[in-house]
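Peer 1: File my_file.txt follows (compact mmCIF, C-alpha atoms):
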# COMPACT_ATOMS: atom_id res chain seq x y z
CA MET U 247 162.02 105.60 136.30
CA ASN U 248 161.70 101.95 135.22
CA ALA U 249 158.75 100.49 133.28
CA THR U 250 157.14 98.91 136.38
CA THR U 251 157.11 102.19 138.28
CA ALA U 252 155.75 104.03 135.22
CA ASN U 253 152.98 101.44 134.84
CA LEU U 254 152.08 101.71 138.49
CA ILE U 255 151.90 105.49 138.34
CA ASP U 256 149.84 105.27 135.14
CA GLU U 257 147.40 102.85 136.78
CA ILE U 258 147.00 105.12 139.82
CA LYS U 259 146.43 108.16 137.60
CA LYS U 260 143.75 106.34 135.61
CA ILE U 261 141.83 105.16 138.66
CA VAL U 262 141.99 108.57 140.37
CA SER U 263 140.90 110.37 137.19
CA ALA U 264 137.95 107.98 136.72
CA ILE U 265 136.69 108.62 140.28
CA ILE U 266 137.18 112.38 140.14
CA GLU U 267 135.60 112.83 136.69
CA LYS U 268 132.45 110.94 137.68
CA ASP U 269 132.08 112.66 141.05
CA ILE U 270 132.83 116.16 139.78
CA THR U 271 129.89 115.84 137.39
CA THR U 272 127.59 115.10 140.33
CA VAL U 273 129.06 117.92 142.43
CA SER U 274 128.82 120.37 139.57
CA GLY U 275 125.14 119.56 138.91
CA PHE U 276 124.30 119.84 142.60
CA SER U 277 126.11 123.18 142.96
CA GLU U 278 124.36 124.69 139.94
CA ARG U 279 120.92 123.57 141.19
CA GLN U 280 121.57 124.91 144.67
CA LEU U 281 122.96 128.27 143.60
CA GLU U 282 120.04 128.83 141.24
CA ALA U 283 117.50 127.79 143.90
CA ILE U 284 119.11 129.94 146.63
CA SER U 285 119.14 132.94 144.26
CA LYS U 286 115.44 132.42 143.44
CA GLN U 287 114.63 132.05 147.13
CA THR U 288 116.40 135.34 147.89
CA LEU U 289 114.32 137.11 145.24
CA ILE U 290 111.06 135.57 146.52
CA ILE U 291 111.85 136.84 150.03
CA LYS U 292 112.90 140.27 148.74
CA GLY U 293 109.67 140.55 146.72
CA GLY U 294 107.54 139.32 149.62
CA ILE U 295 109.04 141.88 152.00
CA ALA U 296 108.54 144.68 149.46
CA THR U 297 104.85 143.84 148.90
CA GLY U 298 104.16 143.09 152.57
CA ASP U 299 103.18 139.48 151.81
CA ILE U 300 105.93 138.36 154.19
CA ASP U 301 105.22 139.97 157.55
CA ASP U 302 107.63 140.84 160.36
CA ASP U 303 107.06 137.51 162.07
CA LEU U 304 108.26 135.61 158.98
CA ILE U 305 111.06 137.95 157.82
CA ASP U 306 113.49 136.81 160.53
CA PHE U 307 112.57 133.17 159.96
CA PHE U 308 113.24 133.31 156.22
CA LEU U 309 116.44 135.36 156.61
CA GLU U 310 117.69 132.79 159.12
CA GLY U 311 116.72 130.16 156.53
CA LEU U 312 118.88 131.78 153.85
CA HIS U 313 121.86 131.64 156.20
CA ALA U 314 121.11 128.03 157.17
CA MET U 315 120.70 126.82 153.58
CA THR U 316 123.93 128.48 152.45
CA THR U 317 125.84 127.05 155.40
CA ASN U 318 124.46 123.59 154.79
CA PHE U 319 125.15 123.85 151.05
CA VAL U 320 128.84 124.30 151.90
CA ASN U 321 128.65 121.52 154.50
CA THR U 322 127.05 119.18 151.96
CA LEU U 323 129.92 119.90 149.56
CA LYS U 324 132.35 119.17 152.39
CA GLY U 325 130.55 115.89 153.10
CA ILE U 326 130.70 114.90 149.43
CA LEU U 327 134.38 115.87 149.25
CA LYS U 328 135.12 113.52 152.15
CA VAL U 329 133.48 110.65 150.26
CA VAL U 330 135.56 111.47 147.15
CA LEU U 331 138.76 111.58 149.24
CA GLU U 332 137.86 108.25 150.82
CA LYS U 333 137.24 106.63 147.44
CA VAL U 334 140.51 107.96 146.00
CA TRP U 335 142.52 106.87 149.04
CA ASN U 336 141.07 103.37 149.08
CA ALA U 337 141.48 102.95 145.32
CA VAL U 338 145.15 104.03 145.40
CA ILE U 339 145.92 101.78 148.36
CA SER U 340 144.22 98.89 146.56
CA VAL U 341 146.40 99.40 143.46
CA LEU U 342 149.56 99.62 145.57
CA TYR U 343 148.66 96.45 147.48
CA GLN U 344 148.04 94.59 144.26
CA ALA U 345 151.43 95.79 142.98
CA ILE U 346 153.05 94.37 146.09
CA GLY U 347 151.11 91.13 145.63
CA ILE U 348 148.58 91.40 148.43
CA LEU U 349 145.04 90.87 147.15
CA GLY U 350 142.42 92.89 149.00
CA PHE U 351 142.85 94.73 152.25
CA ASN U 352 140.83 95.59 155.32
CA MET Y 270 169.35 101.43 138.16
CA LYS Y 271 170.29 101.11 141.81
CA LEU Y 272 168.84 104.53 142.45
CA GLN Y 273 165.55 103.51 140.79
CA LYS Y 274 165.32 100.37 142.85
CA THR Y 275 165.90 102.36 146.01
CA PHE Y 276 163.12 104.77 144.99
CA SER Y 277 160.64 101.89 144.45
CA GLN Y 278 161.57 100.35 147.77
CA LYS Y 279 161.12 103.68 149.51
CA LEU Y 280 157.72 104.12 147.86
CA ILE Y 281 156.57 100.72 149.10
CA LEU Y 282 157.98 101.37 152.55
CA ILE Y 283 156.24 104.75 152.79
CA THR Y 284 152.96 103.20 151.59
CA LEU Y 285 153.15 100.40 154.13
CA SER Y 286 154.00 102.85 156.90
CA LEU Y 287 151.06 105.04 155.96
CA CYS Y 288 148.83 101.99 155.90
CA LEU Y 289 149.93 100.89 159.34
CA LEU Y 290 149.37 104.38 160.69
CA SER Y 291 145.96 104.77 159.11
CA SER Y 292 144.63 101.17 159.24
CA CYS Y 293 144.69 101.19 155.41
CA ARG Y 294 141.02 101.51 154.54
CA ALA Y 295 139.89 105.04 155.13
CA ALA Y 296 136.40 105.79 156.44
CA LEU Y 297 135.84 109.51 156.22
CA ALA Y 298 132.05 109.45 155.84
CA PRO Y 299 129.25 107.29 157.24
CA GLU Y 300 127.93 104.18 155.56
CA TYR Y 301 125.13 104.41 153.01
CA ASP Y 302 121.79 103.60 154.62
CA LYS Y 303 119.21 102.25 152.20
CA ALA Y 304 116.38 102.69 154.73
CA ILE Y 305 117.09 106.43 155.03
CA VAL Y 306 117.12 106.90 151.25
CA GLN Y 307 113.89 104.90 150.81
CA ASN Y 308 112.09 106.79 153.59
CA LEU Y 309 113.43 110.07 152.27
CA THR Y 310 112.17 109.35 148.74
CA GLU Y 311 108.67 108.56 150.02
CA THR Y 312 108.54 111.53 152.39
CA THR Y 313 109.84 113.89 149.68
CA SER Y 314 107.04 112.78 147.38
CA LYS Y 315 104.40 113.32 150.10
CA THR Y 316 105.85 116.74 150.97
CA LEU Y 317 105.86 117.94 147.37
CA GLN Y 318 102.28 116.74 146.93
CA PHE Y 319 101.22 118.62 150.05
CA LEU Y 320 103.02 121.80 148.93
CA ALA Y 321 101.30 121.53 145.55
CA SER Y 322 97.92 121.21 147.28
CA VAL Y 323 98.43 124.55 149.12
CA SER Y 324 100.20 126.39 146.28
CA ILE Y 325 97.29 128.79 145.67
CA GLY Y 326 97.29 129.79 149.34
CA THR Y 327 95.19 128.71 152.33
CA ASN Y 328 92.55 130.06 154.64
CA ALA Y 329 92.88 129.74 158.43
CA GLU Y 330 89.27 128.60 158.62
CA THR Y 331 90.10 125.37 156.76
CA PHE Y 332 93.30 124.70 158.76
CA SER Y 333 91.83 121.70 160.58
CA SER Y 334 91.60 119.82 157.27
CA ARG Y 335 95.40 120.16 156.86
CA GLU Y 336 96.55 119.75 160.44
CA ASN Y 337 96.98 115.97 160.27
CA LYS Y 338 99.07 116.26 157.10
CA TYR Y 339 101.40 118.76 158.80
CA ASN Y 340 101.74 116.43 161.80
CA GLU Y 341 102.40 113.42 159.59
CA LEU Y 342 105.16 115.17 157.63
CA ILE Y 343 106.75 116.67 160.76
CA GLY Y 344 106.81 113.19 162.34
CA GLU Y 345 108.42 111.63 159.28
CA PHE Y 346 111.19 114.24 159.07
CA GLU Y 347 111.82 113.92 162.82
CA MET Y 348 112.25 110.18 162.27
CA LEU Y 349 114.64 110.76 159.36
CA LYS Y 350 116.66 113.13 161.55
CA LEU Y 351 116.94 110.44 164.22
CA LEU Y 352 117.96 107.78 161.69
CA ALA Y 353 120.60 110.04 160.14
CA ARG Y 354 122.09 110.98 163.51
CA ALA Y 355 122.01 107.40 164.80
CA ARG Y 356 125.03 106.54 162.63
CA PRO Y 357 128.39 107.12 164.28
CA LEU Y 358 130.50 109.92 162.78
CA PRO Y 359 133.82 108.47 161.54
CA LYS Y 360 136.67 110.03 163.51
CA ASN Y 361 139.17 111.82 161.30
CA ASN Y 362 141.04 115.07 160.96
CA VAL Y 363 139.76 115.89 157.50
CA THR Y 364 136.74 117.91 158.72
CA GLN Y 365 138.90 119.93 161.08
CA LYS Y 366 141.41 120.65 158.33
CA ILE Y 367 138.70 121.71 155.86
CA ASN Y 368 137.10 123.84 158.60
CA LYS Y 369 140.47 125.46 159.26
CA ILE Y 370 140.83 126.38 155.58
CA LEU Y 371 137.26 127.73 155.46
CA ALA Y 372 137.78 129.67 158.69
CA SER Y 373 140.81 131.37 157.16
CA LYS Y 374 138.52 132.49 154.30
CA ASN Y 375 135.68 133.46 156.69
CA GLY Y 376 133.63 130.49 155.46
CA PRO Y 377 130.97 128.60 157.45
CA THR Y 378 132.40 125.95 159.77
CA ASN Y 379 129.88 125.77 162.55
CA THR Y 380 128.52 122.25 162.46
CA ASP Y 381 129.73 118.71 163.05
CA ASP Y 382 126.26 117.44 162.17
CA TYR Y 383 125.50 115.38 159.08
CA PRO Y 384 124.34 117.71 156.28
CA SER Y 385 121.23 115.55 155.84
CA ALA Y 386 120.34 115.63 159.55
CA PHE Y 387 120.80 119.41 159.57
CA ALA Y 388 118.51 119.63 156.52
CA PHE Y 389 115.83 117.42 158.14
CA ASN Y 390 115.92 119.59 161.25
CA ARG Y 391 115.43 122.78 159.25
CA ILE Y 392 112.59 121.18 157.24
CA VAL Y 393 110.86 120.35 160.54
CA GLN Y 394 111.27 123.99 161.60
CA ASN Y 395 109.75 125.11 158.28
CA LEU Y 396 106.77 122.79 158.59
CA ASN Y 397 106.18 123.88 162.20
CA LYS Y 398 106.33 127.56 161.25
CA MET Y 399 104.14 126.97 158.20
CA LYS Y 400 101.59 125.12 160.36
CA ALA Y 401 101.51 127.88 162.99
CA THR Y 402 101.14 130.61 160.34
CA ASP Y 403 98.46 128.63 158.50
CA LYS Y 404 96.51 128.21 161.74
CA LYS Y 405 96.86 131.86 162.70
CA THR Y 406 96.28 133.75 159.44
CA GLY Y 407 96.27 131.29 156.55
CA LEU Y 408 99.04 131.37 153.93
CA ASN Y 409 99.28 133.70 150.95
CA THR Y 410 100.90 132.45 147.73
CA THR Y 411 104.21 134.26 148.32
CA VAL Y 412 104.58 132.73 151.77
CA VAL Y 413 103.81 129.27 150.39
CA GLN Y 414 106.44 129.85 147.67
CA ALA Y 415 109.00 130.90 150.28
CA PHE Y 416 108.34 127.85 152.47
CA LYS Y 417 108.39 125.56 149.43
CA GLY Y 418 111.63 127.14 148.14
CA GLU Y 419 113.44 126.55 151.41
CA ILE Y 420 112.10 123.03 151.95
CA VAL Y 421 113.05 121.97 148.40
CA ILE Y 422 116.59 123.33 148.79
CA PHE Y 423 117.07 121.34 151.99
CA LEU Y 424 115.53 118.23 150.40
CA ASP Y 425 118.02 118.49 147.53
CA GLN Y 426 120.92 118.76 149.99
CA ALA Y 427 119.73 115.73 151.97
CA VAL Y 428 118.96 113.56 148.93
CA THR Y 429 122.28 114.41 147.23
CA TYR Y 430 124.34 113.72 150.35
CA GLU Y 431 122.60 110.48 151.32
CA SER Y 432 122.73 109.15 147.74
CA PHE Y 433 126.40 110.06 147.42
CA LEU Y 434 127.23 107.83 150.39
CA LYS Y 435 126.59 104.82 148.16
CA ARG Y 436 130.11 104.06 146.95
Go ahead and render the structure in this file as structure tokens.
Peer 2:
Amino acid sequence: MNATTANLIDEIKKIVSAIIEKDITTVSGFSERQLEAISKQTLIIKGGIATGDIDDDLIDFFLEGLHAMTTNFVNTLKGILKVVLEKVWNAVISVLYQAIGILGFN
Amino acid sequence: MKLQKTFSQKLILITLSLCLLSSCRAALAPEYDKAIVQNLTETTSKTLQFLASVSIGTNAETFSSRENKYNELIGEFEMLKLLARARPLPKNNVTQKINKILASKNGPTNTDDYPSAFAFNRIVQNLNKMKATDKKTGLNTTVVQAFKGEIVIFLDQAVTYESFLKR
């Protein structure tokens, strides 16, 4: 591997690492908040059913809600992942274009 | 040396080919919409204030004093749902591939909707159910907590996703 190739690879690694490190922090914070909130919600519903505060009419609604919030939690992570992939792809292509000598791309 | 040069040339050739095939700039997610985020911030604040105002429970007899607030919030989340869904979904195979992986692990794969639009829709359902229950029997503190818990979880999902689109 010559010096130019090594520099190019190094530059790509740096830019990818910078994007991933920043975004993983956001994803990690979001995941922790959601998992804690969904766990608390489950316990509220469990307690409400046990005491009778949540009646039959609301039990199905809240159970359906637990399913919906978990599904959408995963779908939100998928949505965020797509943005991360897009940023990484565009950043790598930008570096490669600059290496070739083309400034900017559409 | 010759081998290295060939490798570099191949790398450039592969990159250019990939670019031609994929139009270079990838668009896997919708554009950030400042109007959605601004509206969402305001509506979130109003919703949390309303939930705080009923946190000690409600009485069906005083429902009429809250009815307009329910209607206002439901209308605002319906509008946010429309705004979120009005953006075209970028066409790509990434979602299908991720869904395929999740399906192989029995994970949830059932929606092509925006996570924020899905969240707004479920918040509307919560507010409608809360309104109907409030009108019928009033709300005890546990039920208010359960509605608040679900609404806040969906708000967090919508705010996180919409904010993340700013790149």
Peer 1: Identify the residues around (122.7, 122.0, 143.9) within a radius of 12 Å, measuring from all atoms listed in the file in the coordinates stated by the file, and give them as a ChimeraX atom specification.
Peer 2: /U:271-285,315-316,318-320,322-323 /Y:421-430
Peer 1: Should the cut-off be 7 Å, what would the residue list for chain U against chain Y look like, counting all atoms listed in the file, as a CSV table (one decimal) with C-alpha atoms, in the frame of the given file?
Peer 2:
chain,number,residue,atom,x,y,z
U,247,MET,CA,162.0,105.6,136.3
U,248,ASN,CA,161.7,102.0,135.2
U,280,GLN,CA,121.6,124.9,144.7
U,283,ALA,CA,117.5,127.8,143.9
U,287,GLN,CA,114.6,132.0,147.1
U,290,ILE,CA,111.1,135.6,146.5
U,291,ILE,CA,111.8,136.8,150.0
U,294,GLY,CA,107.5,139.3,149.6
U,299,ASP,CA,103.2,139.5,151.8
U,300,ILE,CA,105.9,138.4,154.2
U,315,MET,CA,120.7,126.8,153.6
U,317,THR,CA,125.8,127.0,155.4
U,318,ASN,CA,124.5,123.6,154.8
U,319,PHE,CA,125.2,123.8,151.0
U,321,ASN,CA,128.6,121.5,154.5
U,322,THR,CA,127.0,119.2,152.0
U,326,ILE,CA,130.7,114.9,149.4
U,328,LYS,CA,135.1,113.5,152.2
U,329,VAL,CA,133.5,110.6,150.3
U,332,GLU,CA,137.9,108.2,150.8
U,335,TRP,CA,142.5,106.9,149.0
U,336,ASN,CA,141.1,103.4,149.1
U,352,ASN,CA,140.8,95.6,155.3
Peer 1: How far is it from atom CA of Lys324 of chain U to atom CA of Phe389 of chain Y, in Å with one decimal?
Peer 2: 17.6 Å
Peer 1: Between atom CA of Ala264 of chain U and atom CA of Leu342 of chain U, what is the spacing in Å?
Peer 2: 16.8 Å
Peer 1: Report, in Å to a single decimal, how far apart atom CA of Leu320 of chain Y and atom CA of Leu342 of chain Y are.
Peer 2: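 Pair atom CA of Leu342 of chain Y / atom CA of Leu320 of chain Y returns 11.1 Å.
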Peer 1: For Lys404 of chain Y, work out the shell of residues within 7 Å, counting all atoms listed in the file and skipping chain neighbours fewer than 4 positions away, then give it as a CSV table (one decimal) with C-alpha atoms, in the frame of the given file.
Peer 2:
chain,number,residue,atom,x,y,z
Y,329,ALA,CA,92.9,129.7,158.4
Y,332,PHE,CA,93.3,124.7,158.8
Y,400,LYS,CA,101.6,125.1,160.4
Peer 1: Choose the residue, out of Y:Thr331, Y:Glu345, Y:Ser324, Y:Asn337, that has the smallest atom-to-atom separation from Thr312 of chain Y; count all atoms listed in the file.
Peer 2: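 Under the stated criterion, the closest residue is Y:Glu345.
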Peer 1: Using all atoms listed in the file, find the one residue out of Y:Leu396, Y:Ala386, Y:Leu309, Y:Val413 that sits nearest to Leu351 of chain Y.
Peer 2: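 Selected residue with least distance to Leu351 of chain Y: Y:Ala386.
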Peer 1: Can you tell me which residues surround Lys338 of chain Y at a distance of at most 10 Å, considering all atoms listed in the file, apart from same-chain residues fewer than 3 positions away, and format the answer as JSON, numbers by chain?
Peer 2: {"Y": [315, 316, 319, 333, 334, 335, 341, 342, 343, 344, 400]}
Peer 1: Around segment 333-341 of chain U, fit a box with edges along x, y and z, padding it by 5 Å on each side, then list its centre and edge lengths in Å to one decimal as AutoDock Vina command-line options.
Peer 2:
--center_x 141.8 --center_y 103.4 --center_z 146.3 --size_x 19.2 --size_y 19.1 --size_z 15.6
Peer 1: Missing atoms in segment 310-334 of chain U need filling: write out N, CA, C and O atoms for it as an mmCIF file, in the coordinates of the input.
Peer 2:
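Printed below is result13.cif as written:
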data_model
loop_
_atom_site.group_PDB
_atom_site.id
_atom_site.type_symbol
_atom_site.label_atom_id
_atom_site.label_comp_id
_atom_site.auth_asym_id
_atom_site.auth_seq_id
_atom_site.Cartn_x
_atom_site.Cartn_y
_atom_site.Cartn_z
ATOM 1 N N GLU U 310 116.925 133.838 158.420
ATOM 2 C CA GLU U 310 117.690 132.790 159.120
ATOM 3 C C GLU U 310 117.803 131.557 158.207
ATOM 4 O O GLU U 310 118.832 130.896 158.140
ATOM 5 N N GLY U 311 116.725 131.286 157.471
ATOM 6 C CA GLY U 311 116.720 130.160 156.530
ATOM 7 C C GLY U 311 117.745 130.319 155.427
ATOM 8 O O GLY U 311 118.421 129.362 155.059
ATOM 9 N N LEU U 312 117.877 131.540 154.912
ATOM 10 C CA LEU U 312 118.880 131.780 153.850
ATOM 11 C C LEU U 312 120.286 131.478 154.368
ATOM 12 O O LEU U 312 121.098 130.854 153.675
ATOM 13 N N HIS U 313 120.544 131.901 155.602
ATOM 14 C CA HIS U 313 121.860 131.640 156.200
ATOM 15 C C HIS U 313 122.061 130.137 156.389
ATOM 16 O O HIS U 313 123.118 129.591 156.052
ATOM 17 N N ALA U 314 121.006 129.474 156.902
ATOM 18 C CA ALA U 314 121.110 128.030 157.170
ATOM 19 C C ALA U 314 121.310 127.242 155.881
ATOM 20 O O ALA U 314 122.138 126.319 155.823
ATOM 21 N N MET U 315 120.586 127.610 154.824
ATOM 22 C CA MET U 315 120.700 126.820 153.580
ATOM 23 C C MET U 315 122.054 127.025 152.910
ATOM 24 O O MET U 315 122.601 126.102 152.321
ATOM 25 N N THR U 316 122.607 128.232 153.037
ATOM 26 C CA THR U 316 123.930 128.480 152.450
ATOM 27 C C THR U 316 125.003 127.731 153.228
ATOM 28 O O THR U 316 125.896 127.104 152.639
ATOM 29 N N THR U 317 124.886 127.784 154.553
ATOM 30 C CA THR U 317 125.840 127.050 155.400
ATOM 31 C C THR U 317 125.791 125.559 155.098
ATOM 32 O O THR U 317 126.822 124.903 154.925
ATOM 33 N N ASN U 318 124.569 125.035 155.006
ATOM 34 C CA ASN U 318 124.460 123.590 154.790
ATOM 35 C C ASN U 318 124.811 123.188 153.359
ATOM 36 O O ASN U 318 125.218 122.054 153.118
ATOM 37 N N PHE U 319 124.685 124.106 152.420
ATOM 38 C CA PHE U 319 125.150 123.850 151.050
ATOM 39 C C PHE U 319 126.662 123.598 151.085
ATOM 40 O O PHE U 319 127.155 122.610 150.523
ATOM 41 N N VAL U 320 127.378 124.468 151.784
ATOM 42 C CA VAL U 320 128.840 124.300 151.900
ATOM 43 C C VAL U 320 129.160 123.006 152.659
ATOM 44 O O VAL U 320 130.045 122.245 152.272
ATOM 45 N N ASN U 321 128.393 122.741 153.729
ATOM 46 C CA ASN U 321 128.650 121.520 154.500
ATOM 47 C C ASN U 321 128.339 120.257 153.704
ATOM 48 O O ASN U 321 128.983 119.229 153.897
ATOM 49 N N THR U 322 127.348 120.340 152.817
ATOM 50 C CA THR U 322 127.050 119.180 151.960
ATOM 51 C C THR U 322 128.218 118.953 150.995
ATOM 52 O O THR U 322 128.634 117.803 150.782
ATOM 53 N N LEU U 323 128.753 120.041 150.444
ATOM 54 C CA LEU U 323 129.920 119.900 149.560
ATOM 55 C C LEU U 323 131.101 119.293 150.318
ATOM 56 O O LEU U 323 131.820 118.433 149.795
ATOM 57 N N LYS U 324 131.275 119.727 151.567
ATOM 58 C CA LYS U 324 132.350 119.170 152.390
ATOM 59 C C LYS U 324 132.138 117.671 152.616
ATOM 60 O O LYS U 324 133.079 116.867 152.554
ATOM 61 N N GLY U 325 130.882 117.302 152.880
ATOM 62 C CA GLY U 325 130.550 115.890 153.100
ATOM 63 C C GLY U 325 130.831 115.060 151.856
ATOM 64 O O GLY U 325 131.393 113.960 151.934
ATOM 65 N N ILE U 326 130.459 115.604 150.698
ATOM 66 C CA ILE U 326 130.700 114.900 149.430
ATOM 67 C C ILE U 326 132.205 114.783 149.174
ATOM 68 O O ILE U 326 132.695 113.736 148.749
ATOM 69 N N LEU U 327 132.920 115.873 149.456
ATOM 70 C CA LEU U 327 134.380 115.870 149.250
ATOM 71 C C LEU U 327 135.048 114.773 150.079
ATOM 72 O O LEU U 327 135.972 114.101 149.619
ATOM 73 N N LYS U 328 134.545 114.568 151.290
ATOM 74 C CA LYS U 328 135.120 113.520 152.150
ATOM 75 C C LYS U 328 134.906 112.135 151.532
ATOM 76 O O LYS U 328 135.777 111.281 151.603
ATOM 77 N N VAL U 329 133.748 111.936 150.909
ATOM 78 C CA VAL U 329 133.480 110.650 150.260
ATOM 79 C C VAL U 329 134.433 110.462 149.064
ATOM 80 O O VAL U 329 134.979 109.375 148.853
ATOM 81 N N VAL U 330 134.652 111.547 148.309
ATOM 82 C CA VAL U 330 135.560 111.470 147.150
ATOM 83 C C VAL U 330 136.990 111.137 147.634
ATOM 84 O O VAL U 330 137.659 110.255 147.078
ATOM 85 N N LEU U 331 137.426 111.837 148.686
ATOM 86 C CA LEU U 331 138.760 111.580 149.240
ATOM 87 C C LEU U 331 138.893 110.120 149.685
ATOM 88 O O LEU U 331 139.911 109.465 149.443
ATOM 89 N N GLU U 332 137.848 109.644 150.339
ATOM 90 C CA GLU U 332 137.860 108.250 150.820
ATOM 91 C C GLU U 332 137.981 107.272 149.652
ATOM 92 O O GLU U 332 138.769 106.326 149.696
ATOM 93 N N LYS U 333 137.208 107.532 148.592
ATOM 94 C CA LYS U 333 137.240 106.630 147.440
ATOM 95 C C LYS U 333 138.615 106.642 146.768
ATOM 96 O O LYS U 333 139.142 105.602 146.391
ATOM 97 N N VAL U 334 139.188 107.851 146.642
ATOM 98 C CA VAL U 334 140.510 107.960 146.000
ATOM 99 C C VAL U 334 141.563 107.241 146.837
ATOM 100 O O VAL U 334 142.355 106.447 146.319
#
